[in-house]
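Enquirer: One structure is given below, represented as C-alpha cells, and several questions about it will come after.
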Amino acid sequence: MPLTREKLQLMSASEIDRTLVRLAHEILEKTADLDQLAFIGIRRRGVPLAQRLARKIEALEKRKVPVGILDINLYRDDLTTVDVKPVVSATDIQFPVQGKDIVLMDDVLYTGRTIRAALDALFDHGRPSRVRLLALIDRGHRELPIEAQFVGRVVQTSSVEIIEVKFQEVDSMEKVLLVERAAAGPA
C-alpha cells in the first residue's frame with residue numbers, strides 16, 4: 001500500500017523552466033557584483049536547481065557562475081532519526097567561499113532546519129560576504145526564523161501534505177506534486 005497519494009500537480013516541466021528564468025532575472029537584478037556571485041546547491045535536488053540557474057545566467061550574461069554542492073547530513077539536528085548510519089555524500093565546492101555572495105539553493109523550504117544545517121556546513125568552508133536563500137517551493141510551517149529571498153512559488157500546505165519536487169537529473173521526470181500521507185489502514 002502506498003504511503004502517499006498524489007493530490008495535485010503544482011508545476012509541469014515548462015512551468016518549472018519559466019520559474020527558473022524568472023528567478024535567474026531576480027538574482028541578476030538583486031546582485032550588485034556578479035564577479036562575487038556563486039551558487040551552492042544542497043544535495044539532492046538543490047544541486048540541479050543551482051546548476052540550471054547557473055546555465056540560465058551564463059546564457060543571459062555570458063559569464064559563468066561557480067556552482068558548489070553541499071552535503072548537510074552530518075549537520076542535521078535530526079541525525080538520530082534519519083537513519084542508524086546516515087549516508088554521507090561528498091561536498092564539492094571548488095571555489096573559495098570567503099567573501100563570496102552565495103545563493104544557497106534547495107527545492108522546498110519547510111521548517112528551516114535543513115537550511116540551518118546548510119549554513120553550519122557552509123561556514124565550515126569559509127565566511128561569505130553574504131548568503132541568500134533560494135527555494136523553488138516555500139510551503140510554510142517554519143520552526144526557525146529563516147526566510148528565502150528568492151522563491152519560485154509559495155504553496156500553503158497542511159501537516160499531512162508533502163511537496164515532491166521531481167527533477168530529470170534525479171528522478172527521470174520533471175514536475176512538482178502535492179501529495180498527501182495515506183491514512184493507515186486497519187491492521
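Labels used: A, B, ... for chains in the order of the C-alpha cells, numbers from 1 for residues in each chain, and numbers from 1 for ligands as shown.
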So that I can check the secondary structure, give me every residue of chain A assigned alpha helix (DSSP H) by backbone DSSP, as an MDAnalysis selection string.
Expert: chainID A and resid 13:29 46:61 79:82 113:123 168:171
Enquirer: Excluding same-chain residues fewer than 6 positions from stretch 63-70 of chain A, what lies within 10 Å of it counting only C-alpha atoms, as a ChimeraX atom specification?
Expert: /A:34-44,46-48,50-57,89-95,97,102-105,118-119,121-122
Enquirer: Report the residues of stretch 104-146 of chain A whose backbone DSSP state falls under strand (DSSP E or B), written as a list in words.
Expert: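 Assigned to strand (DSSP E or B), within stretch 104-146 of chain A: Leu104, Met105, Asp106, Asp107, Val108, Leu109, Arg130, Val131, Arg132, Leu133, Leu134, Ala135, Leu136, Ile137 and Asp138 of chain A.
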Enquirer: In Å, with one decimal, what is the gap from atom CA of A:Glu26 to atom CA of A:Ser172?
Expert: 27.8 Å
Enquirer: Any idea what's packed within 12 Å of A:Asp107, counting only C-alpha atoms, ignoring anything in its chain fewer than 3 positions away? Could you give it as a ChimeraX atom specification?
Expert: /A:16,20,41-50,104,110,114-115,133-139,148,150-154,163-167,175-176
Enquirer: Take the residues just selected and output them with N, CA and C atoms as a tab-separated table (two decimals), in the first residue's frame.
Expert:
chain	number	residue	atom	x	y	z
A	16	ILE	N	8.19	24.82	-14.41
A	16	ILE	CA	9.44	24.86	-13.66
A	16	ILE	C	10.46	25.70	-14.41
A	20	LEU	N	12.31	29.19	-13.29
A	20	LEU	CA	13.77	29.34	-13.18
A	20	LEU	C	14.26	30.54	-13.98
A	41	GLY	N	24.21	24.40	-4.14
A	41	GLY	CA	23.02	23.57	-4.06
A	41	GLY	C	23.13	22.58	-2.93
A	42	ILE	N	22.05	22.47	-2.15
A	42	ILE	CA	22.01	21.48	-1.07
A	42	ILE	C	21.69	20.14	-1.71
A	43	ARG	N	22.57	19.17	-1.41
A	43	ARG	CA	22.44	17.85	-2.02
A	43	ARG	C	21.09	17.26	-1.76
A	44	ARG	N	20.48	16.90	-2.56
A	44	ARG	CA	19.93	16.23	-3.68
A	44	ARG	C	19.36	17.28	-4.63
A	45	ARG	N	18.16	17.71	-4.42
A	45	ARG	CA	17.52	18.49	-5.50
A	45	ARG	C	17.90	19.97	-5.54
A	46	GLY	N	18.64	20.44	-4.56
A	46	GLY	CA	19.17	21.79	-4.65
A	46	GLY	C	20.30	21.89	-5.67
A	47	VAL	N	20.94	20.76	-5.94
A	47	VAL	CA	22.07	20.74	-6.88
A	47	VAL	C	21.62	21.00	-8.32
A	48	PRO	N	20.65	20.24	-8.87
A	48	PRO	CA	20.22	20.56	-10.23
A	48	PRO	C	19.63	21.96	-10.34
A	49	LEU	N	19.01	22.43	-9.28
A	49	LEU	CA	18.47	23.78	-9.25
A	49	LEU	C	19.59	24.80	-9.44
A	50	ALA	N	20.67	24.65	-8.69
A	50	ALA	CA	21.82	25.55	-8.79
A	50	ALA	C	22.48	25.45	-10.17
A	104	LEU	N	22.33	30.15	-1.70
A	104	LEU	CA	22.14	28.78	-1.24
A	104	LEU	C	20.80	28.30	-1.77
A	110	TYR	N	10.73	24.36	4.21
A	110	TYR	CA	9.66	23.90	5.10
A	110	TYR	C	9.92	24.43	6.50
A	114	THR	N	16.70	22.28	7.58
A	114	THR	CA	17.69	21.92	6.56
A	114	THR	C	18.59	23.11	6.26
A	115	ILE	N	18.02	24.29	6.19
A	115	ILE	CA	18.80	25.49	5.89
A	115	ILE	C	19.74	25.82	7.05
A	133	LEU	N	19.02	32.91	0.29
A	133	LEU	CA	18.39	31.61	0.11
A	133	LEU	C	17.42	31.65	-1.06
A	134	LEU	N	17.48	30.60	-1.88
A	134	LEU	CA	16.54	30.41	-2.98
A	134	LEU	C	15.86	29.06	-2.78
A	135	ALA	N	14.53	29.06	-2.85
A	135	ALA	CA	13.76	27.82	-2.77
A	135	ALA	C	12.78	27.79	-3.93
A	136	LEU	N	12.69	26.66	-4.60
A	136	LEU	CA	11.71	26.54	-5.68
A	136	LEU	C	10.30	26.64	-5.10
A	137	ILE	N	10.06	25.97	-3.96
A	137	ILE	CA	8.75	26.00	-3.30
A	137	ILE	C	8.93	26.36	-1.83
A	138	ASP	N	8.16	27.33	-1.35
A	138	ASP	CA	8.08	27.64	0.07
A	138	ASP	C	6.72	27.17	0.55
A	139	ARG	N	6.72	26.16	1.42
A	139	ARG	CA	5.45	25.57	1.87
A	139	ARG	C	5.04	26.01	3.27
A	148	ALA	N	13.42	32.78	2.66
A	148	ALA	CA	14.09	32.78	1.35
A	148	ALA	C	13.94	34.15	0.70
A	150	PHE	N	14.63	34.47	-2.56
A	150	PHE	CA	14.16	34.13	-3.90
A	150	PHE	C	13.27	32.90	-3.78
A	151	VAL	N	12.01	33.02	-4.22
A	151	VAL	CA	11.05	31.92	-4.10
A	151	VAL	C	10.36	31.72	-5.44
A	152	GLY	N	10.36	30.47	-5.89
A	152	GLY	CA	9.65	30.14	-7.13
A	152	GLY	C	8.15	30.24	-6.95
A	153	ARG	N	7.64	29.58	-5.91
A	153	ARG	CA	6.21	29.59	-5.66
A	153	ARG	C	5.96	29.32	-4.18
A	154	VAL	N	4.98	30.01	-3.61
A	154	VAL	CA	4.54	29.76	-2.24
A	154	VAL	C	3.30	28.88	-2.32
A	163	ILE	N	5.26	18.27	-0.34
A	163	ILE	CA	5.61	18.71	-1.69
A	163	ILE	C	6.70	17.78	-2.20
A	164	GLU	N	6.50	17.22	-3.37
A	164	GLU	CA	7.52	16.38	-4.01
A	164	GLU	C	7.98	17.06	-5.28
A	165	VAL	N	9.25	17.44	-5.30
A	165	VAL	CA	9.85	18.02	-6.50
A	165	VAL	C	10.56	16.89	-7.22
A	166	LYS	N	10.26	16.75	-8.48
A	166	LYS	CA	10.88	15.71	-9.31
A	166	LYS	C	11.69	16.42	-10.40
A	167	PHE	N	12.99	16.18	-10.41
A	167	PHE	CA	13.87	16.74	-11.44
A	167	PHE	C	14.39	15.61	-12.31
A	175	LYS	N	8.47	17.50	-12.59
A	175	LYS	CA	7.21	18.07	-12.12
A	175	LYS	C	7.29	18.33	-10.63
A	176	VAL	N	6.32	19.10	-10.14
A	176	VAL	CA	6.18	19.33	-8.71
A	176	VAL	C	4.78	18.87	-8.33
Enquirer: Separation of atom CA of A:Arg22 and atom CA of A:Glu147, in Å?
Expert: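 According to the coordinates, atom CA of A:Arg22 and atom CA of A:Glu147 are separated by 18.7 Å.
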Enquirer: Using only C-alpha atoms for the distances, tell me which of A:Ile162, A:Leu74, A:Ala32, A:Ala13 is nearest to A:Asp120.
Expert: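 Under the stated criterion, the closest residue is A:Leu74.
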Enquirer: Counting only C-alpha atoms, which of A:Val131, A:Leu177, A:Val155, A:Ala183 gets nearest to A:Leu10?
Expert: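 Of the candidates, the smallest distance to A:Leu10 is held by A:Leu177.
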Enquirer: Using only C-alpha atoms, which of A:Leu60, A:Ala117, A:Ile27, A:Leu178 sits nearest A:Gln156?
Expert: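 Checking each candidate against A:Gln156, we get A:Leu178 as the closest.
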Enquirer: Please provide the set of residues having any atom within 12 Å of A:Ser159, restricted to only C-alpha atoms, with same-chain residues fewer than 4 positions apart removed, written as number ranges by chain.
Expert: A: 110-111, 139-142, 163, 179-181
